[in-house]
Amino acid sequence: MAKSSLLGYPRIGKQRELKRALERYWAGESDEAKLLATGRAVREASWRVQRDAGIDLIPCNDFSFYDHVLDTICLVGLVPERFGPPEPEVSFRTYFAMARGAPGIPALELTKWFDTNYHYLVPEFDAPGPRFASAKPFEEFAEATAILGRPAKPVLLGPLSLLLLGKRHTRPLVEHLEQLVPIYSELLERLARAGAEWVQIDEPVLVQDRTEEELQLLRRAYQALGHVSTRPRIMLQTYYGSLDDASWDVVTGLPIEGIGLDFVRDDENRALLNRHGFPQGKVLGAGVVNGRNVWRTNLVEALEKLEEIAEHVTPDRIWVQPSCTLLHLPHDVRLETSLPEPVRALLAFAEQRLEELVILTRALNEGRQAILEELERNAEAFRVALDGARLYRRDVRERLAALTEDAFHRSSPYEVREPLQRARFQLPLFPTTTIGSYPQTPDIRQVRARWRAGKLSDEGYWAFIRERIAEVIRRQEEIGLDVLVHGEFERPDMVEYFAEQLEGFVLTEHGWVQSYGSRVVRPPIIFGDVARPKPMTVEVSRYAQSLTQKPVKGMLTGPVTILNWSFVREDIPRREVAYQIALALRDEVLDLEAAGIRVIQIDEPALREGLPLRRSGWPEYLDWAVRAFRLASSGVRDDTQIHSHMCYSEFNDIIEAIDALDADVISIENSRSHGELLQAFQDYQYPRQIGPGVYDVHSARVPSVEEIVQLLEQALQYLRPEQLWVNPDCGLKTRRPEEVWPSLQNMVEAARRLRERYMVAAH
Ligand code: GLN
Ligand code: ZN
C-alpha cells in the first residue's frame, strides 16, 4: 500500500507561541524550563495534528528552537572556538550565542536558505571537532514515538549539504567529510537501537549544479552510511527542484532504501524517471503537493502524476509527500476569517496539505472512484474561485500587451543624464544619504495598533506620522545629510504596505512563516491581476519634501522584491505578475515626479534570492527581473535620479544584471563583507554611482569616523570619487535612535574628511 508522508512541519506554533517564548527567554523574563516546555507543546501539537489527519510517516527532529542547520552544527559539535571551551552537550547559552552573538563575540553568519526567504546559520569548518554533541534527535524521536504510539521518522540534514552549505573549510572537502561520516554512522546506529525504522536524510544541495567531484563525495558518504550494520532504512530526500542526469545516476546507485523527489517545482524529475526508470526495490518519495505555495492542490493533476509514477514503481513503494518541508507555509487557513471567500476557497496551508496527502494516498490505493466526492469538491473550489475572484483585469492586460520597447528604457543613456542631474542637485563629492527607514520605536507601533483597532481616527494617525516625518527631516538637516528620506514610519513592512494598497493582493491575519529564529513574516498573497487604484506614497513624500530645500527621496519597493516576498498565483507566469506590479509602480513613480520629488529609490533587496537554483535558469530570470525594474523606473525625466538598494554583497555573479538596471545610483550592503564585494568592481568597470554600506545596521555598535573613512578609502581603490556615495548598509528601522544618530553623525563627518582630502588632491 502507498503511504502518506511528511518532510517537516511549521514549527513556530499556530499562535506564534515559539516566537513569544523565545523573546521572553532572551529578555530574561522566563527560564530554560519554560522555553523547553513551549518547544514540547509546539511539537506535540504538530504530531497530533498529523496523526489525527491520518499521515503514515510523521517526521520528528524537524523542530528547532532557532534553525535546523544550527541544530546540525550542534549535533556534530562544530562549535567555533570563540564560543568558549567545548561542552559535552551544547548548552542553550552557547546555542543562542552562535545564533545571535554575545558581547564581543560575533554570531555565525546568517544567510538565505536556497531560494527561499528562510535564513540559516552558516557552519564554520575551521571549528574544532567534529564530534557527537547533541541528543536532540533521540529525545525528539522518543517524544514523538510516545505520542504517536509508533516510530516517527527522524529528519537529518545530510553530510553533503552540511559540508557544502558551510564556509571556512581548512582542508580538502573529502577530509572534512571523512570526519562527519562516523558521526552520522553512530547517529544511525543509535536511532536504530532506539527503534527508528526509517530516517529521512535531506540533501537539498543535489538540486543545484554539482561537480563530478561533489557527486563523488555523495557516493562516498552514502556508501559508508549504507553499510552501517545496524541502521534504520534511509530515505535520501531532495527538494526545491530536480536532479539532473549525473546526480540521478549517482543517487539511484546508492545503497539506501528510498529516494525523495520534488515533482512540483519543475518537470525534470518526471522526465528523468520516464527516461531512466526507477531502481527495483526502493521507495520513491513522490512530492506531488506544493510545500512552497499556498494554493490548493489540483487533485486530478496530482493524481495523474502519481499514476505516471506508478508505471515505474509499484504503489506499495510510493510515499505520497509534499514537494518539500511545510516550513514555508502558514499553519492553518481556518484561522483566516476575513479573506474574501473565493480566494480563501483556493488556499491550503500546512494543515490543509495533510488532508490532500491522505486523499491522494487513498486514491492511489483504492482507485479514483474512492475519492470521487473529494475530486468534485476540489473542482468546485476552483470553479467558485475563478468565477468569483477579481482575477482578470482587462485594462491591465491591454496596457501590458501594448507596451513597446521604449517603456523599458530611460529616454537618454546614463552619460547624458549624469551631468544633468549633477547640475540640478549640486551635491558635494561623496554625498551622504540613508536607505529609507528610521527607527520604528514602540510608540509608533502602539499608535498604529490603536488606529487599526479603530481607536484612533485617520486624521489622528496621519497627524502623528507627519509629526514624525517633520522631526526626522529636521534631524537629518541638523547633522548635515545631503539627500534626505521621510523615514517610512507609516510602513509596518516594505512589502505589506504596498500589498495593502494594490488590487490583486490579499493579506492574511495569521499567515506567519518563519524567516529565522523568532523572526516571522506574513507574505501577502497575489491572487489576481495587479492594479493601483490610487497613489500610495505621494502624500507622505510631498509633505516631507515641503519641509526642506534638500532633495527627499521617494521610496518604493521594487516589483521583483514584492513578487519574491509574496505567495504568487500560478495560473500565469511569474514574469507576467512582475510586469503587472512594475506597471503599477511606474504610475506611482510618475506621480511622485509630478509632485516635485526629484530622487526616487526603488528597493530590490530580494532580486538576488529569486535566482533559480541551477545556473541554466539564470539568464531568463535576470532578463525579466531587470526588465520589470526598468519598466517601473524608466518613465522619468533625465534629471530625475533613480536609486536602487540591495541587501547583499555577493555581487560578482550578477553585476551585469545590476548594471543593466540602469539605476543612476545603487546602495548595497558592504560593511560586514570586508571589501569582498568590491572585488566585483576590480574586474568590471561599473559606470554608475554606488554607495557601499559603511554602517552595519545589524549591529548596535556605533562605527567610528576612522573606520568609516577606512571603508570608503577601500572602496576608492576600485571606484572613482565621483561614483561614491556614503550611506548605511540598509534601513535603520530596527535600530534604536540612540545608536542611529551618533552613527550617522560619524558617517557625515567621515564624508567631510574625505572631501577635504580629495578636494585638496584635485587642486
Ligand atoms: N527602504 C527600506 C528600508 O530602509 C529598505 C529595506 C531593505 O532593504 N530590506 O527599510
Ligand atoms: Zn537593505
# chains A, B, ... in the order shown; residues from 1 in each chain; ligands from 1
$ residues_near_ligand --ligand "ligand 2" --cutoff "6 Å" --atoms "only C-alpha atoms and all ligand atoms" --output "list in words"
Pro605, Met646, Cys647, Cys730 and Gly731 of chain A
$ write_last_selection --atoms "N, CA and C atoms" --output "PDB file, in the first residue's frame"
ATOM      1  N   PRO A 605      15.845  44.527  -2.604  1.00  0.00           N
ATOM      2  CA  PRO A 605      16.679  43.662  -1.767  1.00  0.00           C
ATOM      3  C   PRO A 605      16.515  42.183  -2.088  1.00  0.00           C
ATOM      4  N   MET A 646      20.094  47.225  -2.583  1.00  0.00           N
ATOM      5  CA  MET A 646      20.139  45.771  -2.483  1.00  0.00           C
ATOM      6  C   MET A 646      20.779  45.363  -1.171  1.00  0.00           C
ATOM      7  N   CYS A 647      20.253  44.289  -0.571  1.00  0.00           N
ATOM      8  CA  CYS A 647      20.722  43.906   0.767  1.00  0.00           C
ATOM      9  C   CYS A 647      21.746  42.791   0.744  1.00  0.00           C
ATOM     10  N   CYS A 730      21.768  49.340   5.188  1.00  0.00           N
ATOM     11  CA  CYS A 730      20.347  49.048   4.954  1.00  0.00           C
ATOM     12  C   CYS A 730      19.521  50.034   5.780  1.00  0.00           C
ATOM     13  N   GLY A 731      18.220  49.802   5.807  1.00  0.00           N
ATOM     14  CA  GLY A 731      17.325  50.677   6.560  1.00  0.00           C
ATOM     15  C   GLY A 731      17.601  50.613   8.066  1.00  0.00           C
TER      16      GLY A 731
END
$ closest_atom_pairs --of "stretch 104-202 of chain A" --to "stretch 521-537 of chain A" --cutoff "12 Å" --atoms "only C-alpha atoms" --output "JSON lines"
{"residue": "A:Asn117", "atom": "CA", "partner": "A:Val521", "partner_atom": "CA", "distance": 9.1}
{"residue": "A:Tyr118", "atom": "CA", "partner": "A:Val521", "partner_atom": "CA", "distance": 9.7}
{"residue": "A:His119", "atom": "CA", "partner": "A:Val521", "partner_atom": "CA", "distance": 12.0}
$ closest_residue --among "A:Ile435, A:Ala41, A:Leu744, A:Val513" --to "ligand 1" --atoms "only C-alpha atoms and all ligand atoms"
A:Ile435
$ residues_near_ligand --ligand "ligand 1" --cutoff "9 Å" --atoms "only C-alpha atoms and all ligand atoms" --output "number ranges by chain"
A: 434-438, 487-488, 491, 493-494, 555-557, 601-606, 645-647, 668-669, 729-734
$ write_last_selection --atoms "C-alpha atoms" --output "mmCIF file, in the first residue's frame"
data_model
loop_
_atom_site.group_PDB
_atom_site.id
_atom_site.type_symbol
_atom_site.label_atom_id
_atom_site.label_comp_id
_atom_site.auth_asym_id
_atom_site.auth_seq_id
_atom_site.Cartn_x
_atom_site.Cartn_y
_atom_site.Cartn_z
ATOM 1 C CA THR A 434 20.302 56.778 4.262
ATOM 2 C CA ILE A 435 18.432 53.767 2.900
ATOM 3 C CA GLY A 436 14.931 54.823 3.876
ATOM 4 C CA SER A 437 13.594 53.759 7.233
ATOM 5 C CA TYR A 438 14.374 55.373 10.577
ATOM 6 C CA GLY A 487 11.613 57.734 7.436
ATOM 7 C CA GLU A 488 8.967 55.179 6.338
ATOM 8 C CA ARG A 491 5.136 51.271 6.804
ATOM 9 C CA ASP A 493 6.679 46.304 6.362
ATOM 10 C CA MET A 494 8.085 47.299 2.978
ATOM 11 C CA MET A 555 10.717 55.406 -1.535
ATOM 12 C CA LEU A 556 9.226 52.400 -3.274
ATOM 13 C CA THR A 557 9.619 48.658 -3.011
ATOM 14 C CA GLN A 601 14.564 54.981 -4.788
ATOM 15 C CA ILE A 602 13.151 51.624 -5.809
ATOM 16 C CA ASP A 603 14.410 48.934 -3.442
ATOM 17 C CA GLU A 604 15.206 45.482 -4.764
ATOM 18 C CA PRO A 605 16.679 43.662 -1.767
ATOM 19 C CA ALA A 606 15.159 40.365 -2.926
ATOM 20 C CA HIS A 645 19.045 49.382 -2.934
ATOM 21 C CA MET A 646 20.139 45.771 -2.483
ATOM 22 C CA CYS A 647 20.722 43.906 0.767
ATOM 23 C CA ILE A 668 24.458 47.892 -1.272
ATOM 24 C CA GLU A 669 25.385 46.040 1.866
ATOM 25 C CA ASP A 729 24.123 49.059 4.762
ATOM 26 C CA CYS A 730 20.347 49.048 4.954
ATOM 27 C CA GLY A 731 17.325 50.677 6.560
ATOM 28 C CA LEU A 732 17.500 51.768 10.194
ATOM 29 C CA LYS A 733 14.043 50.558 11.170
ATOM 30 C CA THR A 734 15.117 48.015 13.778
#
$ residues_around --residues "A:Asp202" --least-positions-apart "5" --cutoff "12 Å" --atoms "only C-alpha atoms" --output "ChimeraX atom specification"
/A:7-8,62,68-69,72,154-162,207,234-240,258-261,324-325
$ residues_around --residues "stretch 252-257 of chain A" --least-positions-apart "4" --cutoff "10 Å" --atoms "only C-alpha atoms" --output "short mmCIF file (atom, residue, chain, number, x, y, z; two decimals) with N, CA, C and O atoms, in the first residue's frame"
data_model
loop_
_atom_site.label_atom_id
_atom_site.label_comp_id
_atom_site.auth_asym_id
_atom_site.auth_seq_id
_atom_site.Cartn_x
_atom_site.Cartn_y
_atom_site.Cartn_z
N TRP A 198 12.72 4.14 9.80
CA TRP A 198 13.17 4.95 8.67
C TRP A 198 13.82 6.22 9.19
O TRP A 198 13.42 6.75 10.23
N LEU A 218 29.26 12.56 -2.43
CA LEU A 218 27.97 12.00 -2.08
C LEU A 218 28.06 10.47 -2.04
O LEU A 218 27.62 9.81 -1.10
N ARG A 219 28.66 9.94 -3.10
CA ARG A 219 28.75 8.49 -3.22
C ARG A 219 29.52 7.93 -2.04
O ARG A 219 29.11 6.96 -1.40
N ARG A 220 30.61 8.59 -1.74
CA ARG A 220 31.48 8.14 -0.66
C ARG A 220 30.74 8.14 0.68
O ARG A 220 30.77 7.15 1.42
N ALA A 221 30.03 9.23 0.95
CA ALA A 221 29.33 9.35 2.23
C ALA A 221 28.27 8.26 2.36
O ALA A 221 28.17 7.58 3.38
N TYR A 222 27.47 8.07 1.32
CA TYR A 222 26.34 7.16 1.44
C TYR A 222 26.74 5.70 1.27
O TYR A 222 26.03 4.81 1.72
N GLN A 223 27.88 5.46 0.61
CA GLN A 223 28.41 4.10 0.63
C GLN A 223 28.69 3.73 2.08
O GLN A 223 28.34 2.64 2.54
N ALA A 224 29.31 4.65 2.79
CA ALA A 224 29.65 4.38 4.18
C ALA A 224 28.39 4.24 5.04
O ALA A 224 28.24 3.27 5.79
N LEU A 225 27.48 5.18 4.91
CA LEU A 225 26.27 5.14 5.73
C LEU A 225 25.43 3.92 5.40
O LEU A 225 24.85 3.29 6.28
N GLY A 226 25.39 3.60 4.12
CA GLY A 226 24.59 2.45 3.69
C GLY A 226 25.09 1.15 4.31
O GLY A 226 24.34 0.21 4.52
N HIS A 227 26.38 1.11 4.58
CA HIS A 227 26.94 -0.14 5.09
C HIS A 227 27.07 -0.17 6.61
O HIS A 227 27.68 -1.09 7.15
N PRO A 232 18.48 2.36 10.60
CA PRO A 232 17.15 2.44 10.02
C PRO A 232 17.29 2.48 8.50
O PRO A 232 18.36 2.75 7.97
N ARG A 233 16.20 2.24 7.79
CA ARG A 233 16.23 2.44 6.34
C ARG A 233 16.39 3.93 6.05
O ARG A 233 15.88 4.77 6.79
N ILE A 234 17.08 4.23 4.97
CA ILE A 234 17.39 5.64 4.67
C ILE A 234 16.56 6.13 3.49
O ILE A 234 16.58 5.54 2.40
N MET A 235 15.81 7.21 3.72
CA MET A 235 15.16 7.94 2.64
C MET A 235 16.04 9.16 2.36
O MET A 235 16.15 10.05 3.19
N LEU A 236 16.68 9.17 1.21
CA LEU A 236 17.50 10.32 0.83
C LEU A 236 16.58 11.34 0.16
O LEU A 236 16.03 11.09 -0.91
N SER A 247 23.42 13.45 -11.38
CA SER A 247 23.11 13.17 -9.97
C SER A 247 22.09 12.03 -9.87
O SER A 247 22.13 11.24 -8.92
N TRP A 248 21.21 11.92 -10.84
CA TRP A 248 20.25 10.80 -10.86
C TRP A 248 21.00 9.47 -10.86
O TRP A 248 20.69 8.55 -10.11
N HIS A 276 14.86 7.01 -17.26
CA HIS A 276 15.75 6.02 -16.65
C HIS A 276 15.01 4.92 -15.90
O HIS A 276 15.63 3.93 -15.51
N GLY A 277 13.74 5.11 -15.60
CA GLY A 277 13.05 4.17 -14.71
C GLY A 277 13.56 4.34 -13.30
O GLY A 277 14.35 5.24 -13.01
N PHE A 278 13.09 3.45 -12.41
CA PHE A 278 13.46 3.61 -11.00
C PHE A 278 14.02 2.29 -10.50
O PHE A 278 13.53 1.23 -10.87
N PRO A 279 15.06 2.36 -9.65
CA PRO A 279 15.67 1.10 -9.21
C PRO A 279 14.70 0.20 -8.46
O PRO A 279 13.93 0.66 -7.63
N GLN A 280 14.77 -1.08 -8.78
CA GLN A 280 13.94 -2.11 -8.14
C GLN A 280 14.07 -2.06 -6.63
O GLN A 280 15.16 -1.90 -6.10
N GLY A 281 12.94 -2.19 -5.97
CA GLY A 281 13.00 -2.40 -4.52
C GLY A 281 13.12 -1.14 -3.68
O GLY A 281 12.98 -1.20 -2.47
N LYS A 282 13.37 -0.01 -4.30
CA LYS A 282 13.49 1.21 -3.49
C LYS A 282 12.15 1.94 -3.41
O LYS A 282 11.31 1.82 -4.29
N VAL A 283 12.03 2.70 -2.35
CA VAL A 283 10.84 3.52 -2.17
C VAL A 283 11.04 4.85 -2.87
O VAL A 283 12.13 5.43 -2.83
N LEU A 284 9.98 5.33 -3.53
CA LEU A 284 10.06 6.66 -4.13
C LEU A 284 9.17 7.62 -3.34
O LEU A 284 7.96 7.41 -3.22
#
$ closest_atom_pairs --of "stretch 29-123 of chain A" --to "stretch 163-177 of chain A" --cutoff "9 Å" --atoms "only C-alpha atoms" --output "tab-separated table"
residue	atom	partner	partner_atom	distance
A:Leu121	CA	A:Gly166	CA	8.9
A:Val122	CA	A:Gly166	CA	5.4
A:Pro123	CA	A:Gly166	CA	4.4
$ residues_around --residues "stretch 443-450 of chain A" --least-positions-apart "3" --cutoff "12 Å" --atoms "only C-alpha atoms" --output "JSON, numbers by chain"
{"A": [438, 439, 440, 453, 454, 455, 456, 457, 458, 460, 461, 462, 463, 464, 465, 466, 467, 468, 469, 487, 488, 489, 490, 491, 492, 493, 733]}
$ write_last_selection --atoms "N, CA and C atoms" --output "mmCIF file, in the first residue's frame"
data_model
loop_
_atom_site.group_PDB
_atom_site.id
_atom_site.type_symbol
_atom_site.label_atom_id
_atom_site.label_comp_id
_atom_site.auth_asym_id
_atom_site.auth_seq_id
_atom_site.Cartn_x
_atom_site.Cartn_y
_atom_site.Cartn_z
ATOM 1 N N TYR A 438 13.780 54.969 9.306
ATOM 2 C CA TYR A 438 14.374 55.373 10.577
ATOM 3 C C TYR A 438 13.714 54.543 11.676
ATOM 4 N N PRO A 439 14.271 54.526 12.887
ATOM 5 C CA PRO A 439 13.766 53.598 13.914
ATOM 6 C C PRO A 439 12.251 53.623 14.079
ATOM 7 N N GLN A 440 11.674 52.418 14.052
ATOM 8 C CA GLN A 440 10.239 52.292 14.356
ATOM 9 C C GLN A 440 10.144 52.025 15.847
ATOM 10 N N ALA A 453 -7.194 49.308 15.275
ATOM 11 C CA ALA A 453 -8.306 48.798 16.082
ATOM 12 C C ALA A 453 -9.486 49.772 16.099
ATOM 13 N N GLY A 454 -9.342 50.878 15.358
ATOM 14 C CA GLY A 454 -10.446 51.824 15.291
ATOM 15 C C GLY A 454 -10.517 52.770 16.487
ATOM 16 N N LYS A 455 -9.459 52.757 17.305
ATOM 17 C CA LYS A 455 -9.480 53.619 18.497
ATOM 18 C C LYS A 455 -8.836 54.977 18.236
ATOM 19 N N LEU A 456 -8.330 55.133 17.028
ATOM 20 C CA LEU A 456 -7.720 56.413 16.666
ATOM 21 C C LEU A 456 -8.187 56.744 15.254
ATOM 22 N N SER A 457 -8.552 58.017 15.035
ATOM 23 C CA SER A 457 -9.092 58.388 13.724
ATOM 24 C C SER A 457 -7.980 58.429 12.683
ATOM 25 N N ASP A 458 -8.372 58.422 11.414
ATOM 26 C CA ASP A 458 -7.395 58.566 10.340
ATOM 27 C C ASP A 458 -6.602 59.856 10.502
ATOM 28 N N GLY A 460 -6.028 61.560 13.164
ATOM 29 C CA GLY A 460 -5.147 61.442 14.325
ATOM 30 C C GLY A 460 -3.877 60.677 13.952
ATOM 31 N N TYR A 461 -4.081 59.572 13.230
ATOM 32 C CA TYR A 461 -2.942 58.733 12.871
ATOM 33 C C TYR A 461 -1.993 59.483 11.945
ATOM 34 N N TRP A 462 -2.557 60.099 10.898
ATOM 35 C CA TRP A 462 -1.675 60.739 9.916
ATOM 36 C C TRP A 462 -1.027 61.992 10.486
ATOM 37 N N ALA A 463 -1.696 62.655 11.433
ATOM 38 C CA ALA A 463 -1.064 63.795 12.099
ATOM 39 C C ALA A 463 0.169 63.316 12.870
ATOM 40 N N PHE A 464 0.007 62.176 13.513
ATOM 41 C CA PHE A 464 1.131 61.597 14.255
ATOM 42 C C PHE A 464 2.294 61.260 13.303
ATOM 43 N N ILE A 465 1.962 60.618 12.167
ATOM 44 C CA ILE A 465 3.008 60.262 11.192
ATOM 45 C C ILE A 465 3.695 61.528 10.674
ATOM 46 N N ARG A 466 2.898 62.564 10.384
ATOM 47 C CA ARG A 466 3.503 63.804 9.877
ATOM 48 C C ARG A 466 4.461 64.423 10.889
ATOM 49 N N GLU A 467 4.081 64.338 12.164
ATOM 50 C CA GLU A 467 4.968 64.857 13.209
ATOM 51 C C GLU A 467 6.320 64.147 13.164
ATOM 52 N N ARG A 468 6.231 62.813 13.024
ATOM 53 C CA ARG A 468 7.461 62.026 12.982
ATOM 54 C C ARG A 468 8.311 62.398 11.767
ATOM 55 N N ILE A 469 7.636 62.580 10.643
ATOM 56 C CA ILE A 469 8.359 62.940 9.417
ATOM 57 C C ILE A 469 9.064 64.277 9.625
ATOM 58 N N GLY A 487 11.502 58.592 6.258
ATOM 59 C CA GLY A 487 11.613 57.734 7.436
ATOM 60 C C GLY A 487 10.758 56.472 7.420
ATOM 61 N N GLU A 488 9.799 56.389 6.488
ATOM 62 C CA GLU A 488 8.967 55.179 6.338
ATOM 63 C C GLU A 488 8.209 54.783 7.609
ATOM 64 N N PHE A 489 7.855 55.774 8.433
ATOM 65 C CA PHE A 489 7.148 55.453 9.686
ATOM 66 C C PHE A 489 5.774 54.858 9.444
ATOM 67 N N GLU A 490 5.208 55.155 8.291
ATOM 68 C CA GLU A 490 3.857 54.664 8.005
ATOM 69 C C GLU A 490 3.868 53.216 7.516
ATOM 70 N N ARG A 491 5.059 52.616 7.382
ATOM 71 C CA ARG A 491 5.136 51.271 6.804
ATOM 72 C C ARG A 491 5.518 50.227 7.848
ATOM 73 N N PRO A 492 4.588 49.336 8.183
ATOM 74 C CA PRO A 492 4.953 48.267 9.094
ATOM 75 C C PRO A 492 5.935 47.315 8.419
ATOM 76 N N ASP A 493 5.852 47.234 7.115
ATOM 77 C CA ASP A 493 6.679 46.304 6.362
ATOM 78 C C ASP A 493 6.745 46.808 4.931
ATOM 79 N N LYS A 733 15.312 50.816 10.499
ATOM 80 C CA LYS A 733 14.043 50.558 11.170
ATOM 81 C C LYS A 733 14.181 49.848 12.514
#
$ select_by_dssp --residues "stretch 442-572 of chain A" --states "strand (DSSP E)" --output "list in words"
Glu503, Gly504, Phe505, Val506, Val513, Gln514, Ser515, Tyr516, Arg519, Val520, Val521, Ile525, Ile526, Phe527, Gly528, Asp529, Val530, Ala531, Lys553, Gly554, Met555, Leu556, Thr557, Phe567 and Val568 of chain A
$ residues_around --residues "A:Glu351" --least-positions-apart "2" --cutoff "9 Å" --atoms "only C-alpha atoms" --output "VMD selection string"
chain A and resid 49 to 50 53 330 to 333 348 to 349 353 to 355
$ closest_residue --among "A:Gln514, A:Asn365, A:Thr337, A:Ser91" --to "A:Lys14" --atoms "only C-alpha atoms"
A:Gln514
$ closest_atom_pairs --of "stretch 97-136 of chain A" --to "stretch 693-703 of chain A" --cutoff "12 Å" --atoms "only C-alpha atoms" --output "JSON lines"
{"residue": "A:Arg100", "atom": "CA", "partner": "A:Ser699", "partner_atom": "CA", "distance": 10.4}
{"residue": "A:Gly101", "atom": "CA", "partner": "A:Ser699", "partner_atom": "CA", "distance": 9.9}
{"residue": "A:Ala102", "atom": "CA", "partner": "A:Ser699", "partner_atom": "CA", "distance": 11.4}
{"residue": "A:Pro103", "atom": "CA", "partner": "A:Ala700", "partner_atom": "CA", "distance": 10.8}
{"residue": "A:Gly104", "atom": "CA", "partner": "A:Arg701", "partner_atom": "CA", "distance": 10.6}
{"residue": "A:Ile105", "atom": "CA", "partner": "A:Ser699", "partner_atom": "CA", "distance": 11.7}
{"residue": "A:Pro106", "atom": "CA", "partner": "A:Ser699", "partner_atom": "CA", "distance": 9.7}
{"residue": "A:Ala107", "atom": "CA", "partner": "A:Ser699", "partner_atom": "CA", "distance": 10.7}
{"residue": "A:Glu109", "atom": "CA", "partner": "A:His698", "partner_atom": "CA", "distance": 11.4}
{"residue": "A:Leu110", "atom": "CA", "partner": "A:His698", "partner_atom": "CA", "distance": 10.9}
$ atom_distance --atom1 "atom CA of A:Ala192" --atom2 "atom CA of A:Thr38"
27.8 Å
$ atom_distance --atom1 "atom CA of A:Glu308" --atom2 "atom CA of A:Arg569"
25.7 Å
$ atom_distance --atom1 "atom CA of A:Leu583" --atom2 "atom CA of A:Ala625"
13.2 Å
$ closest_residue --among "A:Leu22, A:Leu403, A:Leu613, A:Ala594" --to "A:Arg265" --atoms "only C-alpha atoms"
A:Leu613
$ select_by_dssp --residues "stretch 466-548 of chain A" --states "helix (DSSP H, G or I)" --output "number ranges by chain"
A: 466-479, 496-501, 538-546
$ write_last_selection --atoms "N, CA, C and O atoms" --output "compact mmCIF listing (two decimals), in the first residue's frame"
# COMPACT_ATOMS: atom_id res chain seq x y z
N ARG A 466 2.90 62.56 10.38
CA ARG A 466 3.50 63.80 9.88
C ARG A 466 4.46 64.42 10.89
O ARG A 466 5.52 64.92 10.52
N GLU A 467 4.08 64.34 12.16
CA GLU A 467 4.97 64.86 13.21
C GLU A 467 6.32 64.15 13.16
O GLU A 467 7.37 64.76 13.28
N ARG A 468 6.23 62.81 13.02
CA ARG A 468 7.46 62.03 12.98
C ARG A 468 8.31 62.40 11.77
O ARG A 468 9.53 62.48 11.82
N ILE A 469 7.64 62.58 10.64
CA ILE A 469 8.36 62.94 9.42
C ILE A 469 9.06 64.28 9.63
O ILE A 469 10.25 64.43 9.31
N ALA A 470 8.33 65.24 10.20
CA ALA A 470 8.91 66.57 10.40
C ALA A 470 10.14 66.47 11.29
O ALA A 470 11.18 67.08 11.02
N GLU A 471 10.03 65.65 12.32
CA GLU A 471 11.15 65.53 13.24
C GLU A 471 12.37 64.90 12.56
O GLU A 471 13.51 65.35 12.72
N VAL A 472 12.12 63.86 11.76
CA VAL A 472 13.26 63.17 11.15
C VAL A 472 13.90 64.03 10.05
O VAL A 472 15.11 63.99 9.84
N ILE A 473 13.10 64.84 9.39
CA ILE A 473 13.66 65.76 8.39
C ILE A 473 14.56 66.79 9.10
O ILE A 473 15.69 67.05 8.69
N ARG A 474 14.04 67.32 10.20
CA ARG A 474 14.82 68.32 10.95
C ARG A 474 16.15 67.73 11.42
O ARG A 474 17.21 68.31 11.24
N ARG A 475 16.10 66.54 11.97
CA ARG A 475 17.34 65.95 12.49
C ARG A 475 18.32 65.62 11.37
O ARG A 475 19.53 65.75 11.53
N GLN A 476 17.81 65.18 10.22
CA GLN A 476 18.73 64.88 9.10
C GLN A 476 19.41 66.17 8.64
O GLN A 476 20.58 66.18 8.29
N GLU A 477 18.64 67.27 8.64
CA GLU A 477 19.24 68.55 8.25
C GLU A 477 20.29 68.97 9.27
O GLU A 477 21.37 69.42 8.91
N GLU A 478 19.95 68.79 10.53
CA GLU A 478 20.87 69.17 11.60
C GLU A 478 22.22 68.51 11.46
O GLU A 478 23.26 69.14 11.60
N ILE A 479 22.22 67.21 11.22
CA ILE A 479 23.53 66.55 11.14
C ILE A 479 24.17 66.69 9.76
O ILE A 479 25.30 66.30 9.57
N GLU A 496 4.25 44.61 2.63
CA GLU A 496 2.86 44.67 3.09
C GLU A 496 2.23 46.04 2.80
O GLU A 496 1.07 46.12 2.38
N TYR A 497 3.01 47.09 3.00
CA TYR A 497 2.47 48.44 2.80
C TYR A 497 1.92 48.62 1.39
O TYR A 497 0.86 49.23 1.19
N PHE A 498 2.61 48.07 0.41
CA PHE A 498 2.14 48.20 -0.98
C PHE A 498 1.05 47.17 -1.28
O PHE A 498 0.08 47.47 -1.97
N ALA A 499 1.22 45.97 -0.73
CA ALA A 499 0.23 44.92 -0.97
C ALA A 499 -1.15 45.35 -0.49
O ALA A 499 -2.17 45.03 -1.09
N GLU A 500 -1.17 46.09 0.62
CA GLU A 500 -2.43 46.56 1.18
C GLU A 500 -3.15 47.51 0.24
O GLU A 500 -4.36 47.61 0.25
N GLN A 501 -2.38 48.22 -0.56
CA GLN A 501 -2.98 49.27 -1.39
C GLN A 501 -3.20 48.85 -2.83
O GLN A 501 -3.88 49.54 -3.58
N VAL A 538 2.53 59.21 -2.41
CA VAL A 538 2.77 60.58 -2.86
C VAL A 538 2.56 61.59 -1.74
O VAL A 538 3.36 62.51 -1.56
N GLU A 539 1.52 61.38 -0.93
CA GLU A 539 1.23 62.35 0.12
C GLU A 539 2.37 62.50 1.11
O GLU A 539 2.81 63.62 1.41
N VAL A 540 2.86 61.38 1.62
CA VAL A 540 3.94 61.49 2.62
C VAL A 540 5.20 62.08 2.00
O VAL A 540 5.88 62.90 2.61
N SER A 541 5.50 61.71 0.77
CA SER A 541 6.72 62.23 0.13
C SER A 541 6.59 63.73 -0.13
O SER A 541 7.52 64.50 0.10
N ARG A 542 5.43 64.12 -0.60
CA ARG A 542 5.22 65.53 -0.88
C ARG A 542 5.35 66.35 0.42
O ARG A 542 6.00 67.39 0.45
N TYR A 543 4.74 65.82 1.47
CA TYR A 543 4.81 66.53 2.75
C TYR A 543 6.28 66.66 3.20
O TYR A 543 6.74 67.75 3.56
N ALA A 544 7.01 65.56 3.15
CA ALA A 544 8.41 65.59 3.60
C ALA A 544 9.21 66.58 2.77
O ALA A 544 9.99 67.37 3.30
N GLN A 545 8.98 66.58 1.46
CA GLN A 545 9.74 67.49 0.60
C GLN A 545 9.38 68.95 0.87
O GLN A 545 10.21 69.84 0.69
N SER A 546 8.16 69.18 1.33
CA SER A 546 7.74 70.57 1.59
C SER A 546 8.49 71.18 2.77
O SER A 546 8.47 72.38 2.98
$ residues_around --residues "A:Thr94" --least-positions-apart "3" --cutoff "12 Å" --atoms "only C-alpha atoms" --output "PyMOL selection string"
chain A and resi 70-71+73-74+77-91+97-102+105+107-108
